[in-house]
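Q: The structure is given below, and queries will be raised subsequently.
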Amino acid sequence: MARPSKPLISRDAAVMASIEIIDSEGLDAFSLPKLAKHLGVRAPSLYHHFDDKNEILTEVARYIAGTAVRRPRMKPGPDWPEFFVNLALNFRQSILRHRNAAPVLLQHLPRDLFTATYEDTAEFLLESGVPVDLHVRILDGMETLSIGAVLMEAMRPPRPRSAIFPNVSADSQPLLAEALSKNELTQKQLFEAMMRSFLHGIIRDHDLPAADEVAAG
């Protein structure tokens, strides 16, 4: 299809309008004609910026999981795990703000999305005194845990503490039902605890100094 000689909209405006449609009407309702109508242009105008619908959805995933995620304002140091915990929480917040787009992230998340971020965070780890041979283990582990946990949460309706595991019966699953009754953590707090446990496990396994030890010593 021929591209219009002069762009009538910006690439960023099209991405943000796509997110608005998906947020309000759901992914199934999203289409190029609907996006064009939302922007007040004809559909061919979109081809000035994008080859097809898939490219638009890739940019939607790039924005939600990358651009919109705030970097914590922390300096390198012995408390480096908290930087990653807060970064993961910011990632979670951005994804859950756009739950309807979770399938987009599953299918269209660019493989190179986090490359630039990882370069910065590797520098943060280095300046925090974390050995280089642990950097990939930390970054890959955080990516795997964060993306898996957050997308799983985003694909299902919000749940109270007592229903974190669905359809649990005290008659048929008495031990699990009791465990749920004793759980005092929200889904967000469970996610935060999982991130922190992973990072502090690396500290313990490799005899790295913890922040409280540095402060005391």
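Residue numbering restarts at 1 for every chain of the structure tokens, chains are lettered A, B, ... in their displayed order, and ligands are numbered from 1 as they appear.
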Counting only C-alpha atoms, what is within 8 Å of Pro33 (chain A), bar same-chain residues fewer than 3 positions away, as a PyMOL selection string?
A: chain A and resi 36-37+42-43
Q: Using DSSP on the backbone coordinates, identify all residues within region 49-92 of chain A classified as alpha helix (DSSP H); present the result as a list in words.
A: Lys53, Asn54, Glu55, Ile56, Leu57, Thr58, Glu59, Val60, Ala61, Arg62, Trp80, Pro81, Glu82, Phe83, Phe84, Val85, Asn86, Leu87, Ala88, Leu89, Asn90, Phe91 and Arg92 of chain A
Q: Now that the selection is made, can you save its residues with N, CA, C and O atoms as a JSON list (two decimals), in the first residue's frame?
A:
```json
[["chain", "number", "residue", "atom", "x", "y", "z"],
["A", 53, "LYS", "N", -0.17, -3.93, 11.38],
["A", 53, "LYS", "CA", -0.71, -3.95, 12.74],
["A", 53, "LYS", "C", 0.29, -4.53, 13.73],
["A", 53, "LYS", "O", 0.41, -4.05, 14.87],
["A", 54, "ASN", "N", 1.01, -5.56, 13.32],
["A", 54, "ASN", "CA", 1.98, -6.19, 14.22],
["A", 54, "ASN", "C", 3.06, -5.20, 14.68],
["A", 54, "ASN", "O", 3.49, -5.25, 15.83],
["A", 55, "GLU", "N", 3.48, -4.34, 13.78],
["A", 55, "GLU", "CA", 4.50, -3.36, 14.17],
["A", 55, "GLU", "C", 3.95, -2.38, 15.20],
["A", 55, "GLU", "O", 4.67, -1.98, 16.13],
["A", 56, "ILE", "N", 2.70, -2.00, 15.05],
["A", 56, "ILE", "CA", 2.08, -1.11, 16.04],
["A", 56, "ILE", "C", 2.03, -1.80, 17.40],
["A", 56, "ILE", "O", 2.38, -1.20, 18.43],
["A", 57, "LEU", "N", 1.62, -3.07, 17.42],
["A", 57, "LEU", "CA", 1.51, -3.78, 18.69],
["A", 57, "LEU", "C", 2.88, -4.00, 19.33],
["A", 57, "LEU", "O", 3.01, -3.99, 20.56],
["A", 58, "THR", "N", 3.91, -4.18, 18.50],
["A", 58, "THR", "CA", 5.26, -4.28, 19.04],
["A", 58, "THR", "C", 5.66, -2.98, 19.74],
["A", 58, "THR", "O", 6.27, -3.01, 20.82],
["A", 59, "GLU", "N", 5.29, -1.85, 19.17],
["A", 59, "GLU", "CA", 5.60, -0.57, 19.79],
["A", 59, "GLU", "C", 4.77, -0.33, 21.04],
["A", 59, "GLU", "O", 5.21, 0.31, 21.99],
["A", 60, "VAL", "N", 3.55, -0.85, 21.06],
["A", 60, "VAL", "CA", 2.73, -0.80, 22.28],
["A", 60, "VAL", "C", 3.43, -1.56, 23.39],
["A", 60, "VAL", "O", 3.55, -1.08, 24.53],
["A", 61, "ALA", "N", 3.92, -2.77, 23.08],
["A", 61, "ALA", "CA", 4.65, -3.57, 24.08],
["A", 61, "ALA", "C", 5.91, -2.86, 24.52],
["A", 61, "ALA", "O", 6.25, -2.84, 25.71],
["A", 62, "ARG", "N", 6.62, -2.24, 23.58],
["A", 62, "ARG", "CA", 7.86, -1.54, 23.91],
["A", 62, "ARG", "C", 7.59, -0.38, 24.87],
["A", 62, "ARG", "O", 8.36, -0.14, 25.81],
["A", 80, "TRP", "N", 22.16, -2.35, 46.83],
["A", 80, "TRP", "CA", 21.80, -2.51, 45.43],
["A", 80, "TRP", "C", 20.58, -3.41, 45.19],
["A", 80, "TRP", "O", 19.83, -3.17, 44.22],
["A", 81, "PRO", "N", 20.31, -4.44, 46.02],
["A", 81, "PRO", "CA", 19.11, -5.24, 45.75],
["A", 81, "PRO", "C", 17.82, -4.41, 45.73],
["A", 81, "PRO", "O", 16.90, -4.71, 44.98],
["A", 82, "GLU", "N", 17.77, -3.37, 46.57],
["A", 82, "GLU", "CA", 16.54, -2.57, 46.63],
["A", 82, "GLU", "C", 16.30, -1.80, 45.34],
["A", 82, "GLU", "O", 15.16, -1.50, 44.99],
["A", 83, "PHE", "N", 17.38, -1.47, 44.64],
["A", 83, "PHE", "CA", 17.22, -0.84, 43.32],
["A", 83, "PHE", "C", 16.44, -1.78, 42.40],
["A", 83, "PHE", "O", 15.49, -1.36, 41.72],
["A", 84, "PHE", "N", 16.81, -3.05, 42.39],
["A", 84, "PHE", "CA", 16.17, -4.00, 41.50],
["A", 84, "PHE", "C", 14.76, -4.36, 41.97],
["A", 84, "PHE", "O", 13.87, -4.60, 41.14],
["A", 85, "VAL", "N", 14.54, -4.40, 43.27],
["A", 85, "VAL", "CA", 13.20, -4.63, 43.79],
["A", 85, "VAL", "C", 12.27, -3.51, 43.34],
["A", 85, "VAL", "O", 11.16, -3.75, 42.85],
["A", 86, "ASN", "N", 12.73, -2.27, 43.47],
["A", 86, "ASN", "CA", 11.90, -1.13, 43.07],
["A", 86, "ASN", "C", 11.71, -1.06, 41.56],
["A", 86, "ASN", "O", 10.63, -0.69, 41.08],
["A", 87, "LEU", "N", 12.73, -1.43, 40.81],
["A", 87, "LEU", "CA", 12.59, -1.47, 39.36],
["A", 87, "LEU", "C", 11.54, -2.51, 38.96],
["A", 87, "LEU", "O", 10.71, -2.26, 38.07],
["A", 88, "ALA", "N", 11.57, -3.67, 39.61],
["A", 88, "ALA", "CA", 10.58, -4.71, 39.32],
["A", 88, "ALA", "C", 9.18, -4.25, 39.70],
["A", 88, "ALA", "O", 8.20, -4.54, 38.98],
["A", 89, "LEU", "N", 9.04, -3.54, 40.81],
["A", 89, "LEU", "CA", 7.73, -3.03, 41.22],
["A", 89, "LEU", "C", 7.22, -1.99, 40.22],
["A", 89, "LEU", "O", 6.01, -1.96, 39.92],
["A", 90, "ASN", "N", 8.11, -1.16, 39.71],
["A", 90, "ASN", "CA", 7.70, -0.18, 38.70],
["A", 90, "ASN", "C", 7.27, -0.87, 37.41],
["A", 90, "ASN", "O", 6.33, -0.44, 36.74],
["A", 91, "PHE", "N", 7.98, -1.94, 37.04],
["A", 91, "PHE", "CA", 7.61, -2.73, 35.87],
["A", 91, "PHE", "C", 6.22, -3.33, 36.07],
["A", 91, "PHE", "O", 5.35, -3.26, 35.19],
["A", 92, "ARG", "N", 6.01, -3.92, 37.24],
["A", 92, "ARG", "CA", 4.70, -4.51, 37.55],
["A", 92, "ARG", "C", 3.59, -3.46, 37.47],
["A", 92, "ARG", "O", 2.53, -3.72, 36.89]]
```
Q: I need the residue nearest Phe30 (chain A) from this list: A:Leu125, A:Val104, A:Leu208, A:Ile64. Use only C-alpha atoms for the distance.
A: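 So, comparing all the options, the nearest one is A:Val104.
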Q: Distance CA of Met74 (chain A)-CA of Ala193 (chain A), one decimal place?
A: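 Pair CA of Met74 (chain A) / CA of Ala193 (chain A) returns 19.5 Å.
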